[in-house]
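Q: Structure file coords-v9.txt, compact mmCIF, C-alpha atoms and all ligand atoms, is pasted below:
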# COMPACT_ATOMS: atom_id res chain seq x y z
CA MET A 1081 -6.99 11.56 -17.11
CA ILE A 1082 -9.01 9.05 -15.08
CA ILE A 1083 -9.60 5.82 -17.01
CA ILE A 1084 -13.05 4.28 -16.45
CA LYS A 1085 -12.99 0.46 -16.46
CA THR A 1086 -15.50 -1.90 -18.04
CA PRO A 1087 -16.87 -4.91 -16.12
CA ASP A 1088 -14.44 -7.04 -18.17
CA ASP A 1089 -11.48 -4.88 -17.09
CA ILE A 1090 -12.57 -5.21 -13.49
CA ALA A 1091 -12.93 -8.99 -13.78
CA LYS A 1092 -9.28 -9.12 -14.84
CA MET A 1093 -8.23 -6.74 -12.09
CA ARG A 1094 -9.96 -9.08 -9.65
CA GLN A 1095 -7.61 -11.87 -10.76
CA ALA A 1096 -4.53 -9.70 -10.32
CA GLY A 1097 -5.86 -8.56 -6.95
CA GLU A 1098 -6.47 -12.13 -5.80
CA LEU A 1099 -2.91 -13.10 -6.61
CA VAL A 1100 -1.51 -10.12 -4.72
CA ALA A 1101 -3.72 -10.92 -1.71
CA ARG A 1102 -2.69 -14.58 -1.72
CA VAL A 1103 1.01 -13.76 -1.84
CA LEU A 1104 0.67 -11.21 0.97
CA THR A 1105 -1.08 -13.83 3.10
CA MET A 1106 1.79 -16.25 2.44
CA LEU A 1107 4.35 -13.60 3.38
CA GLN A 1108 2.41 -12.62 6.50
CA GLU A 1109 2.61 -16.23 7.68
CA GLU A 1110 6.39 -16.27 7.14
CA VAL A 1111 7.05 -13.15 9.23
CA LYS A 1112 8.72 -14.19 12.47
CA PRO A 1113 11.90 -13.39 14.37
CA GLY A 1114 14.94 -14.70 12.49
CA ILE A 1115 13.68 -14.47 8.88
CA ASN A 1116 15.35 -11.97 6.59
CA THR A 1117 13.50 -9.69 4.22
CA GLY A 1118 15.29 -11.17 1.20
CA ARG A 1119 13.62 -14.51 1.91
CA LEU A 1120 10.19 -12.85 1.76
CA ASN A 1121 11.20 -11.31 -1.55
CA THR A 1122 12.18 -14.72 -2.96
CA ILE A 1123 8.84 -16.26 -1.96
CA ALA A 1124 6.96 -13.46 -3.74
CA GLU A 1125 9.18 -13.74 -6.82
CA ASP A 1126 8.66 -17.53 -7.02
CA GLU A 1127 4.87 -17.10 -6.83
CA CYS A 1128 4.94 -14.56 -9.65
CA ARG A 1129 6.92 -16.94 -11.80
CA LYS A 1130 4.51 -19.84 -11.11
CA ARG A 1131 1.48 -17.74 -12.02
CA GLY A 1132 3.01 -15.95 -15.01
CA ALA A 1133 2.61 -12.57 -13.31
CA ILE A 1134 4.98 -9.66 -13.79
CA PRO A 1135 6.33 -8.36 -10.47
CA VAL A 1136 5.98 -4.67 -11.28
CA PHE A 1137 8.09 -3.22 -8.51
CA LYS A 1138 11.20 -5.02 -9.75
CA ASN A 1139 13.24 -2.59 -11.86
CA TYR A 1140 10.64 0.14 -11.31
CA PRO A 1141 12.29 3.33 -12.60
CA HIS A 1142 13.52 5.78 -9.98
CA PRO A 1143 11.66 9.13 -10.16
CA LYS A 1144 14.97 11.00 -10.24
CA GLY A 1145 16.79 8.62 -12.56
CA LYS A 1146 18.80 6.77 -9.88
CA ARG A 1147 19.05 2.97 -9.91
CA PRO A 1148 15.73 1.19 -10.47
CA PHE A 1149 14.05 -0.57 -7.52
CA PRO A 1150 15.81 -3.92 -6.99
CA GLY A 1151 13.09 -5.87 -5.13
CA VAL A 1152 9.87 -7.69 -6.00
CA ILE A 1153 8.39 -6.47 -2.70
CA CYS A 1154 8.99 -3.33 -0.71
CA ALA A 1155 10.03 -4.39 2.80
CA SER A 1156 9.98 -1.44 5.17
CA VAL A 1157 10.94 -2.14 8.79
CA ASN A 1158 10.03 -0.01 11.85
CA GLU A 1159 10.81 3.66 11.04
CA GLU A 1160 10.93 2.84 7.33
CA VAL A 1161 7.73 4.14 5.76
CA VAL A 1162 7.75 2.76 2.22
CA HIS A 1163 10.11 1.54 -0.52
CA GLY A 1164 12.41 -0.41 1.80
CA ILE A 1165 14.72 -2.69 -0.19
CA PRO A 1166 14.52 -6.38 0.74
CA GLY A 1167 17.83 -8.05 1.56
CA SER A 1168 19.91 -9.42 4.42
CA ARG A 1169 18.13 -7.59 7.24
CA VAL A 1170 16.97 -10.11 9.84
CA LEU A 1171 13.66 -9.41 11.58
CA LYS A 1172 13.66 -9.50 15.34
CA GLU A 1173 10.99 -9.66 18.05
CA GLY A 1174 9.30 -6.28 18.46
CA ASP A 1175 9.94 -5.11 14.88
CA ILE A 1176 7.16 -4.35 12.44
CA ILE A 1177 7.41 -4.84 8.70
CA SER A 1178 5.37 -3.19 5.99
CA ILE A 1179 5.20 -5.35 2.88
CA ASP A 1180 4.02 -3.72 -0.33
CA PHE A 1181 3.50 -5.93 -3.38
CA GLY A 1182 2.16 -5.42 -6.86
CA VAL A 1183 1.83 -7.44 -10.05
CA ILE A 1184 0.59 -7.24 -13.57
CA LEU A 1185 -1.38 -10.37 -14.48
CA ASN A 1186 -2.87 -10.77 -17.94
CA GLY A 1187 -2.35 -7.07 -18.58
CA TYR A 1188 -3.93 -5.73 -15.37
CA ALA A 1189 -2.38 -4.48 -12.16
CA GLY A 1190 -3.01 -5.29 -8.50
CA ASP A 1191 -1.36 -3.46 -5.61
CA SER A 1192 -1.70 -3.99 -1.88
CA ALA A 1193 0.27 -3.58 1.34
CA ILE A 1194 0.14 -4.87 4.90
CA THR A 1195 2.04 -4.18 8.09
CA VAL A 1196 2.84 -7.19 10.22
CA PRO A 1197 4.19 -7.33 13.79
CA VAL A 1198 7.24 -9.56 14.34
CA GLY A 1199 6.43 -11.60 17.43
CA GLU A 1200 5.25 -9.43 20.31
CA VAL A 1201 5.30 -5.67 19.78
CA ASN A 1202 4.61 -2.96 22.31
CA PRO A 1203 0.96 -1.90 22.72
CA GLN A 1204 1.39 1.53 21.12
CA VAL A 1205 2.97 -0.10 18.06
CA SER A 1206 0.18 -2.62 17.93
CA LYS A 1207 -2.31 0.27 18.05
CA LEU A 1208 -0.46 2.00 15.19
CA ILE A 1209 -0.94 -1.09 13.01
CA GLU A 1210 -4.64 -1.44 13.89
CA VAL A 1211 -5.37 2.24 13.38
CA THR A 1212 -3.62 2.28 9.99
CA GLU A 1213 -5.62 -0.68 8.74
CA GLN A 1214 -8.85 0.82 10.05
CA ALA A 1215 -7.96 4.22 8.51
CA LEU A 1216 -7.77 2.43 5.16
CA MET A 1217 -11.20 0.88 5.78
CA GLU A 1218 -12.63 4.28 6.75
CA GLY A 1219 -11.36 5.67 3.47
CA ILE A 1220 -12.76 2.76 1.49
CA LYS A 1221 -16.22 3.29 3.06
CA GLN A 1222 -16.28 6.74 1.45
CA ALA A 1223 -15.36 5.39 -2.00
CA GLN A 1224 -18.96 5.65 -3.18
CA VAL A 1225 -20.40 6.78 -6.50
CA GLY A 1226 -21.18 10.49 -6.21
CA ASN A 1227 -18.77 11.21 -3.35
CA ARG A 1228 -15.72 13.35 -3.94
CA LEU A 1229 -12.28 11.75 -3.66
CA GLY A 1230 -11.55 14.25 -0.88
CA MET A 1231 -14.05 12.41 1.30
CA VAL A 1232 -11.87 9.30 1.10
CA SER A 1233 -8.74 11.31 1.91
CA ASN A 1234 -10.38 13.24 4.73
CA SER A 1235 -11.78 10.12 6.40
CA VAL A 1236 -8.36 8.47 6.45
CA GLN A 1237 -6.77 11.55 7.97
CA LYS A 1238 -9.50 12.11 10.54
CA TYR A 1239 -9.38 8.54 11.79
CA ALA A 1240 -5.58 8.48 12.06
CA GLU A 1241 -5.32 11.86 13.77
CA GLN A 1242 -8.20 11.18 16.19
CA ASN A 1243 -6.15 8.22 17.34
CA GLY A 1244 -3.06 10.36 17.92
CA PHE A 1245 -1.06 9.47 14.83
CA SER A 1246 0.04 11.46 11.77
CA VAL A 1247 -0.49 11.01 8.06
CA VAL A 1248 2.37 11.03 5.56
CA ARG A 1249 1.84 13.75 2.94
CA GLN A 1250 4.75 13.16 0.63
CA PHE A 1251 3.49 9.84 -0.77
CA VAL A 1252 -0.07 9.13 -1.84
CA GLY A 1253 -2.26 6.44 -3.38
CA HIS A 1254 -3.21 6.36 -7.04
CA GLY A 1255 -5.53 5.18 -9.74
CA ILE A 1256 -4.73 1.65 -10.97
CA GLY A 1257 -5.68 -0.36 -14.04
CA ARG A 1258 -3.62 -1.62 -16.91
CA ALA A 1259 -0.85 0.42 -15.35
CA MET A 1260 0.20 0.24 -11.72
CA HIS A 1261 0.01 4.01 -11.37
CA GLU A 1262 -2.76 5.97 -13.06
CA ASP A 1263 -4.65 9.16 -12.31
CA PRO A 1264 -5.93 10.37 -9.94
CA PRO A 1265 -3.47 10.78 -7.06
CA VAL A 1266 -5.20 9.65 -3.84
CA PRO A 1267 -3.91 11.65 -0.86
CA ASN A 1268 -4.49 10.40 2.67
CA TYR A 1269 -5.27 13.89 3.95
CA GLY A 1270 -7.15 16.98 2.89
CA ARG A 1271 -10.56 18.56 2.66
CA PRO A 1272 -13.64 16.47 1.87
CA ASP A 1273 -14.95 18.97 -0.71
CA ARG A 1274 -11.98 18.51 -3.06
CA GLY A 1275 -11.03 16.16 -5.83
CA PRO A 1276 -12.94 14.44 -8.62
CA PHE A 1277 -16.44 13.01 -8.14
CA LEU A 1278 -16.26 9.22 -7.96
CA LYS A 1279 -17.93 7.22 -10.73
CA GLU A 1280 -18.76 3.60 -11.45
CA GLY A 1281 -15.72 1.91 -13.01
CA MET A 1282 -13.04 3.98 -11.30
CA THR A 1283 -10.35 1.84 -9.73
CA LEU A 1284 -8.10 3.18 -7.00
CA ALA A 1285 -5.22 2.05 -4.81
CA ILE A 1286 -5.81 3.64 -1.41
CA GLU A 1287 -2.74 3.42 0.82
CA PRO A 1288 -2.43 5.30 4.11
CA MET A 1289 1.09 5.59 5.54
CA ILE A 1290 0.62 6.50 9.19
CA ASN A 1291 3.38 7.59 11.58
CA MET A 1292 3.62 7.44 15.33
CA GLY A 1293 5.29 10.87 15.55
CA THR A 1294 5.89 13.52 12.90
CA PHE A 1295 4.43 13.06 9.43
CA GLU A 1296 7.67 14.29 7.91
CA VAL A 1297 9.84 11.81 6.05
CA ASP A 1298 13.26 11.62 4.44
CA THR A 1299 14.85 9.34 1.86
CA LYS A 1300 17.89 7.30 2.86
CA PRO A 1301 21.18 7.37 0.91
CA ASP A 1302 20.11 4.17 -0.92
CA GLU A 1303 17.80 6.62 -2.81
CA TRP A 1304 14.69 4.47 -2.18
CA THR A 1305 14.00 3.79 1.48
CA VAL A 1306 11.71 6.43 2.97
CA VAL A 1307 12.03 6.85 6.76
CA THR A 1308 10.31 8.99 9.35
CA ARG A 1309 12.28 12.12 10.18
CA ASP A 1310 12.01 11.50 13.95
CA GLY A 1311 12.71 7.74 13.80
CA GLY A 1312 9.21 6.87 15.06
CA PHE A 1313 7.55 3.73 13.70
CA SER A 1314 5.34 3.86 10.61
CA ALA A 1315 2.64 1.53 9.27
CA HIS A 1316 1.21 1.10 5.76
CA PHE A 1317 -1.90 -0.66 4.46
CA GLU A 1318 -3.17 -0.63 0.91
CA HIS A 1319 -6.02 -2.09 -1.10
CA SER A 1320 -6.89 -1.85 -4.77
CA ILE A 1321 -10.62 -1.17 -5.05
CA ALA A 1322 -13.28 -0.75 -7.73
CA ILE A 1323 -16.07 1.78 -7.34
CA SER A 1324 -19.54 0.61 -8.31
CA GLU A 1325 -23.18 1.43 -7.69
CA ARG A 1326 -23.19 -1.52 -5.29
CA GLY A 1327 -20.47 0.15 -3.20
CA PRO A 1328 -16.69 -0.21 -3.13
CA GLU A 1329 -15.30 -3.63 -4.05
CA ILE A 1330 -11.95 -4.56 -2.51
CA LEU A 1331 -10.00 -6.33 -5.27
CA THR A 1332 -7.11 -7.33 -3.00
CA LEU A 1333 -9.15 -8.67 -0.06
CA ARG A 1334 -7.20 -11.31 1.91
MG MG B 1401 1.59 -0.81 -3.14
MG MG B 1402 0.25 1.66 -4.50
Show how you would write the structure in this file as structure tokens.
A:
Amino acid sequence: MIIIKTPDDIAKMRQAGELVARVLTMLQEEVKPGINTGRLNTIAEDECRKRGAIPVFKNYPHPKGKRPFPGVICASVNEEVVHGIPGSRVLKEGDIISIDFGVILNGYAGDSAITVPVGEVNPQVSKLIEVTEQALMEGIKQAQVGNRLGMVSNSVQKYAEQNGFSVVRQFVGHGIGRAMHEDPPVPNYGRPDRGPFLKEGMTLAIEPMINMGTFEVDTKPDEWTVVTRDGGFSAHFEHSIAISERGPEILTLR
């Protein structure tokens, strides 16, 4: 069931979104060769504590009952798509890191992700990052009252594929509100004439995961980290948005 939010709900989601955006900006500035992903995790955790926000990813239950997620952020490097576990891995020149972060602040969730190059990356990798972010923006443009959700999904897919990349199918975006994950699922692919009609007060987390090679993915033995099957690089951008008659509002704008 899709939960429609009141203006008051959305005002609170704006606060959660602002915090998420601010922390991601801080983390983005820290990304450089020599830093480890655990350090980024600590910075995010400290900010949550200062602001009284709950870092929702920490101890997030595993879908198959394995150990809960141990990080405050997901830190996915290079061929890692999503759900990378932060720790001792040191970033080096030419790597890319996708950082996904979510909180609950005053009872409302915010969720956003960015992919950041570590120093200089090769031009095709740089293009992957730009195309993924723009694919997200193309999807958001379609998040209009009266459109079908499939128009969002289809626009993301079209933009990514026109640029020679592939769209991960196995993981999708989601509704967001008091809970981090609500209905409806928000795929990054599919036909435009599918899915629910969008209405004022719907709030969505749109999050394309775009791969350089095959769209197929596997999960590593740590039971969390999702990697591309062919080892090609993957990028991930996400915004939480609210749909209104005035157009889509990005709640996690940096
Ligand atoms: Mg996220
Ligand atoms: Mg999400």
Q: Taking (15.0, -3.8, -7.8) in the coordinates of the supplied file, I want to know which residues reach to within 12 Å of it, counting all atoms listed in the file; could you give the answer as a list of chain:residue names?
A: A:Gly1118, A:Asn1121, A:Glu1125, A:Pro1135, A:Val1136, A:Phe1137, A:Lys1138, A:Asn1139, A:Tyr1140, A:Pro1141, A:His1142, A:Lys1146, A:Arg1147, A:Pro1148, A:Phe1149, A:Pro1150, A:Gly1151, A:Val1152, A:Ile1153, A:Cys1154, A:Ala1155, A:His1163, A:Gly1164, A:Ile1165, A:Pro1166, A:Gly1167, A:Asp1302, A:Glu1303, A:Trp1304
Q: Skipping near chain neighbours, those fewer than 5 positions away, what residues fall within 10 Å of Gly1311 of chain A using all atoms listed in the file, listed as a PyMOL selection string?
A: chain A and resi 1158-1160+1291-1294+1297
Q: By how many Å are atom CA of Lys1207 of chain A and atom CA of Gly1219 of chain A apart?
A: 18.0 Å
Q: What is the atom CA of Gly1182 of chain A-atom CA of Asp1126 of chain A distance in Å, reported with one decimal?
A: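 If I compute the distance from atom CA of Gly1182 of chain A to atom CA of Asp1126 of chain A, I get 13.7 Å.
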Q: Skipping near chain neighbours, those fewer than 6 positions away, what residues fall within 7 Å of segment 1091-1093 of chain A using all atoms listed in the file, listed as a list in words?
A: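 The neighbour list is Tyr1188, Ala1189 and Gly1190 of chain A.
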Q: Grab me every residue within 7 Å of ligand MG 1401 (chain B), counting only C-alpha atoms and all ligand atoms, and send it over as a short mmCIF file (atom, residue, chain, number, x, y, z; two decimals) with C-alpha atoms, keeping the file's coordinate frame.
A:
data_model
loop_
_atom_site.label_atom_id
_atom_site.label_comp_id
_atom_site.auth_asym_id
_atom_site.auth_seq_id
_atom_site.Cartn_x
_atom_site.Cartn_y
_atom_site.Cartn_z
CA ASP A 1180 4.02 -3.72 -0.33
CA PHE A 1181 3.50 -5.93 -3.38
CA GLY A 1182 2.16 -5.42 -6.86
CA ASP A 1191 -1.36 -3.46 -5.61
CA SER A 1192 -1.70 -3.99 -1.88
CA ALA A 1193 0.27 -3.58 1.34
CA GLU A 1318 -3.17 -0.63 0.91
#
Q: Using all atoms listed in the file, determine which residues lie at most 8 Å from Ile1256 of chain A, disregarding the query and same-chain residues fewer than 5 positions distant; provide the list as a ChimeraX atom specification.
A: /A:1189-1190,1261-1263,1283-1285,1320
Q: One number please: atom CA of Gln1108 of chain A to atom CA of Val1196 of chain A, in Å, one decimal.
A: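 Atom CA of Val1196 of chain A lies 6.6 Å from atom CA of Gln1108 of chain A.
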Q: Find the residue from A:Val1247, A:Ala1240, A:Val1306, A:Val1232 that sits nearest to Arg1274 of chain A; use all atoms listed in the file when measuring.
A: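 With all atoms listed in the file as the atom set, the closest residue is A:Val1232.
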Q: Tell me which of A:Ala1223, A:Met1289, A:Ala1322, A:Ala1133 sits closest to ligand MG 1402 (chain B), counting all atoms listed in the file.
A: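 Using all atoms listed in the file, the shortest distance to ligand MG 1402 (chain B) belongs to A:Met1289.
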Q: So, counting all atoms listed in the file, which residue among A:Asn1243, A:Ser1156, A:Ser1168, A:Asn1227 is closest to Glu1325 of chain A?
A: A:Asn1227
Q: Restricting the calculation to only C-alpha atoms and all ligand atoms, which member of A:Ile1323, A:Val1162, A:Val1103, A:Val1248 is positioned closest to ligand MG 1402 (chain B)?
A: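 Under the stated criterion, the closest residue is A:Val1162.
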Q: Extract, using only C-alpha atoms, all DNA, RNA and protein residues at most 10 Å from Gln1222 of chain A, discarding same-chain residues fewer than 3 positions from it, and format them as JSON, numbers by chain.
A: {"A": [1217, 1218, 1219, 1225, 1226, 1227, 1228, 1229, 1230, 1231, 1232, 1233, 1234, 1235, 1236, 1278, 1327, 1328]}
Q: Give me the box for segment 1283-1290 of chain A as lines of an AutoDock Vina configuration file, namely the centre and edge lengths in Å to one decimal of a box along x, y and z that holds every listed atom plus 8 Å on each side.
A:
center_x = -4.6
center_y = 4.2
center_z = -0.3
size_x = 27.4
size_y = 20.7
size_z = 34.9
Q: Excluding segment 1169-1172 of chain A and its own-chain neighbours fewer than 2 positions away, which residues fall within 6 Å of it when counting only C-alpha atoms? Please give them as a PDB file with C-alpha atoms, keeping the file's coordinate frame.
A:
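The file below, result.pdb, is the result:
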ATOM      1  CA  PRO A1113      11.900 -13.390  14.370  1.00  0.00           C
ATOM      2  CA  GLY A1114      14.940 -14.700  12.490  1.00  0.00           C
ATOM      3  CA  ILE A1115      13.680 -14.470   8.880  1.00  0.00           C
ATOM      4  CA  ASN A1116      15.350 -11.970   6.590  1.00  0.00           C
ATOM      5  CA  THR A1117      13.500  -9.690   4.220  1.00  0.00           C
ATOM      6  CA  GLY A1167      17.830  -8.050   1.560  1.00  0.00           C
ATOM      7  CA  ASP A1175       9.940  -5.110  14.880  1.00  0.00           C
TER       8      ASP A1175
END
Q: Place a sphere of radius 10 Å on (-10.0, 6.1, -16.2) in the file coordinates and name every protein, DNA or RNA residue with an atom inside or on its surface, counting only C-alpha atoms; give the answer as a PDB file with C-alpha atoms, keeping the file's coordinate frame.
A:
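Result file follows (result.pdb):
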ATOM      1  CA  MET A1081      -6.990  11.560 -17.110  1.00  0.00           C
ATOM      2  CA  ILE A1082      -9.010   9.050 -15.080  1.00  0.00           C
ATOM      3  CA  ILE A1083      -9.600   5.820 -17.010  1.00  0.00           C
ATOM      4  CA  ILE A1084     -13.050   4.280 -16.450  1.00  0.00           C
ATOM      5  CA  LYS A1085     -12.990   0.460 -16.460  1.00  0.00           C
ATOM      6  CA  THR A1086     -15.500  -1.900 -18.040  1.00  0.00           C
ATOM      7  CA  GLY A1255      -5.530   5.180  -9.740  1.00  0.00           C
ATOM      8  CA  ILE A1256      -4.730   1.650 -10.970  1.00  0.00           C
ATOM      9  CA  GLY A1257      -5.680  -0.360 -14.040  1.00  0.00           C
ATOM     10  CA  GLU A1262      -2.760   5.970 -13.060  1.00  0.00           C
ATOM     11  CA  ASP A1263      -4.650   9.160 -12.310  1.00  0.00           C
ATOM     12  CA  PRO A1264      -5.930  10.370  -9.940  1.00  0.00           C
ATOM     13  CA  LYS A1279     -17.930   7.220 -10.730  1.00  0.00           C
ATOM     14  CA  GLY A1281     -15.720   1.910 -13.010  1.00  0.00           C
ATOM     15  CA  MET A1282     -13.040   3.980 -11.300  1.00  0.00           C
ATOM     16  CA  THR A1283     -10.350   1.840  -9.730  1.00  0.00           C
ATOM     17  CA  LEU A1284      -8.100   3.180  -7.000  1.00  0.00           C
TER      18      LEU A1284
END
Q: I'd like to know which of A:Thr1195, A:Ser1246, A:Gln1224, A:Ser1314 is closest to Leu1104 of chain A, using only C-alpha atoms.
A: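 Among A:Thr1195, A:Ser1246, A:Gln1224, A:Ser1314, it is A:Thr1195 that comes nearest to Leu1104 of chain A.
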Q: Could you tell me which of A:Ala1259, A:Ile1220, A:Val1157, A:Val1198 comes closest to Ile1330 of chain A if we count all atoms listed in the file?
A: A:Ile1220
